[in-house]
Amino acid sequence: MTRSKGTPPVHKPVFDEESVLRFAAGAPDQVSGGATAAKDAGADRIPINLMLKPEAVARLREEAIRKEKKIEQIIEKLVAKHLAKG
């Protein structure tokens, strides 16, 4: 095997001015991950990504199946319950 003799090309992100200005202004569609995500999630919902251990995800799935609810509903109830105490 031989090594490449050059450095790999650097791909810089491309930003369009309108998107940058919307982000800087704090437009809600930028916070929620895009206009499509905001439309799909509903007007009063903001989609988020969670990094959870596989065991936690398995427990969430089991609980959702047991209660016949969506995982999102289980998480929302847990957040409301545990953050309301503060």
# chains A, B, ... in the order shown; residues from 1 in each chain; ligands from 1

$ select_by_dssp --residues "region 40-71 of chain A" --states "helix (DSSP H, G or I)" --output "ChimeraX atom specification"
/A:40-41,54-67,71

$ residues_around --residues "region 60-65 of chain A" --least-positions-apart "5" --cutoff "12 Å" --atoms "only C-alpha atoms" --output "list in words"
Leu52, Lys53, Pro54, Glu55, Lys70, Ile71, Glu72, Gln73, Ile74, Ile75, Glu76, Lys77 and Leu78 of chain A

$ write_last_selection --atoms "all heavy atoms" --output "compact mmCIF listing (two decimals), in the first residue's frame"
# COMPACT_ATOMS: atom_id res chain seq x y z
N LEU A 52 -28.92 9.03 23.64
CA LEU A 52 -29.20 8.19 24.79
C LEU A 52 -28.48 6.86 24.66
O LEU A 52 -28.21 6.39 23.56
CB LEU A 52 -30.71 7.92 24.91
CG LEU A 52 -31.61 9.14 25.08
CD1 LEU A 52 -33.07 8.73 24.99
CD2 LEU A 52 -31.33 9.82 26.41
N LYS A 53 -28.22 6.24 25.79
CA LYS A 53 -27.62 4.91 25.79
C LYS A 53 -28.65 3.93 25.23
O LYS A 53 -29.85 4.11 25.40
CB LYS A 53 -27.24 4.50 27.21
CG LYS A 53 -26.12 5.34 27.79
CD LYS A 53 -25.81 4.88 29.20
CE LYS A 53 -24.69 5.73 29.79
NZ LYS A 53 -24.39 5.33 31.17
N PRO A 54 -28.17 2.88 24.57
CA PRO A 54 -29.11 1.90 24.00
C PRO A 54 -30.07 1.31 25.04
O PRO A 54 -31.23 1.03 24.73
CB PRO A 54 -28.19 0.81 23.43
CG PRO A 54 -26.90 1.51 23.17
CD PRO A 54 -26.79 2.57 24.22
N GLU A 55 -29.61 1.15 26.28
CA GLU A 55 -30.46 0.62 27.33
C GLU A 55 -31.64 1.56 27.61
O GLU A 55 -32.76 1.12 27.84
CB GLU A 55 -29.67 0.39 28.63
CG GLU A 55 -28.55 -0.62 28.49
CD GLU A 55 -27.25 0.01 27.97
OE1 GLU A 55 -27.03 1.22 28.11
OE2 GLU A 55 -26.46 -0.76 27.39
N LYS A 70 -46.64 6.95 21.97
CA LYS A 70 -45.41 7.21 21.23
C LYS A 70 -44.29 7.52 22.21
O LYS A 70 -44.55 8.02 23.32
CB LYS A 70 -45.59 8.39 20.28
CG LYS A 70 -46.58 8.14 19.16
CD LYS A 70 -46.65 9.35 18.27
CE LYS A 70 -47.63 9.11 17.13
NZ LYS A 70 -47.69 10.27 16.24
N ILE A 71 -43.06 7.25 21.79
CA ILE A 71 -41.90 7.56 22.63
C ILE A 71 -41.87 9.05 22.96
O ILE A 71 -41.54 9.44 24.07
CB ILE A 71 -40.59 7.10 21.95
CG1 ILE A 71 -40.55 5.57 21.89
CG2 ILE A 71 -39.38 7.63 22.69
CD1 ILE A 71 -39.36 5.01 21.15
N GLU A 72 -42.24 9.88 21.99
CA GLU A 72 -42.25 11.33 22.20
C GLU A 72 -43.17 11.71 23.35
O GLU A 72 -42.86 12.59 24.15
CB GLU A 72 -42.68 12.06 20.93
CG GLU A 72 -41.71 11.93 19.78
CD GLU A 72 -41.93 10.67 18.95
OE1 GLU A 72 -42.80 9.83 19.29
OE2 GLU A 72 -41.21 10.52 17.95
N GLN A 73 -44.31 11.05 23.45
CA GLN A 73 -45.26 11.34 24.53
C GLN A 73 -44.69 10.94 25.88
O GLN A 73 -44.88 11.65 26.87
CB GLN A 73 -46.59 10.61 24.27
CG GLN A 73 -47.32 11.12 23.05
CD GLN A 73 -48.51 10.24 22.68
OE1 GLN A 73 -48.38 9.02 22.66
NE2 GLN A 73 -49.64 10.86 22.39
N ILE A 74 -44.00 9.82 25.93
CA ILE A 74 -43.38 9.36 27.18
C ILE A 74 -42.31 10.36 27.64
O ILE A 74 -42.27 10.76 28.80
CB ILE A 74 -42.75 7.95 27.01
CG1 ILE A 74 -43.78 6.93 26.51
CG2 ILE A 74 -42.05 7.50 28.28
CD1 ILE A 74 -44.85 6.57 27.49
N ILE A 75 -41.46 10.78 26.70
CA ILE A 75 -40.38 11.73 27.04
C ILE A 75 -40.97 13.06 27.49
O ILE A 75 -40.52 13.65 28.47
CB ILE A 75 -39.43 11.92 25.83
CG1 ILE A 75 -38.66 10.62 25.58
CG2 ILE A 75 -38.47 13.08 26.08
CD1 ILE A 75 -37.84 10.63 24.31
N GLU A 76 -41.98 13.54 26.78
CA GLU A 76 -42.59 14.84 27.14
C GLU A 76 -43.17 14.78 28.56
O GLU A 76 -43.00 15.72 29.34
CB GLU A 76 -43.68 15.20 26.13
CG GLU A 76 -44.23 16.60 26.33
CD GLU A 76 -45.13 17.03 25.20
OE1 GLU A 76 -45.25 16.31 24.19
OE2 GLU A 76 -45.73 18.11 25.34
N LYS A 77 -43.82 13.68 28.91
CA LYS A 77 -44.39 13.55 30.24
C LYS A 77 -43.29 13.50 31.30
O LYS A 77 -43.41 14.10 32.37
CB LYS A 77 -45.27 12.30 30.31
CG LYS A 77 -46.10 12.23 31.55
CD LYS A 77 -47.15 11.14 31.44
CE LYS A 77 -48.09 11.23 32.62
NZ LYS A 77 -49.23 10.33 32.48
N LEU A 78 -42.20 12.75 31.02
CA LEU A 78 -41.08 12.68 31.96
C LEU A 78 -40.44 14.05 32.18
O LEU A 78 -40.13 14.43 33.31
CB LEU A 78 -40.03 11.69 31.46
CG LEU A 78 -40.41 10.22 31.55
CD1 LEU A 78 -39.40 9.37 30.78
CD2 LEU A 78 -40.50 9.77 33.00

$ atom_distance --atom1 "CA of Ala56 (chain A)" --atom2 "CA of Ala84 (chain A)"
21.7 Å

$ atom_distance --atom1 "CA of Ala25 (chain A)" --atom2 "CA of Val79 (chain A)"
28.0 Å

$ atom_distance --atom1 "CA of Glu68 (chain A)" --atom2 "CA of Met51 (chain A)"
23.3 Å
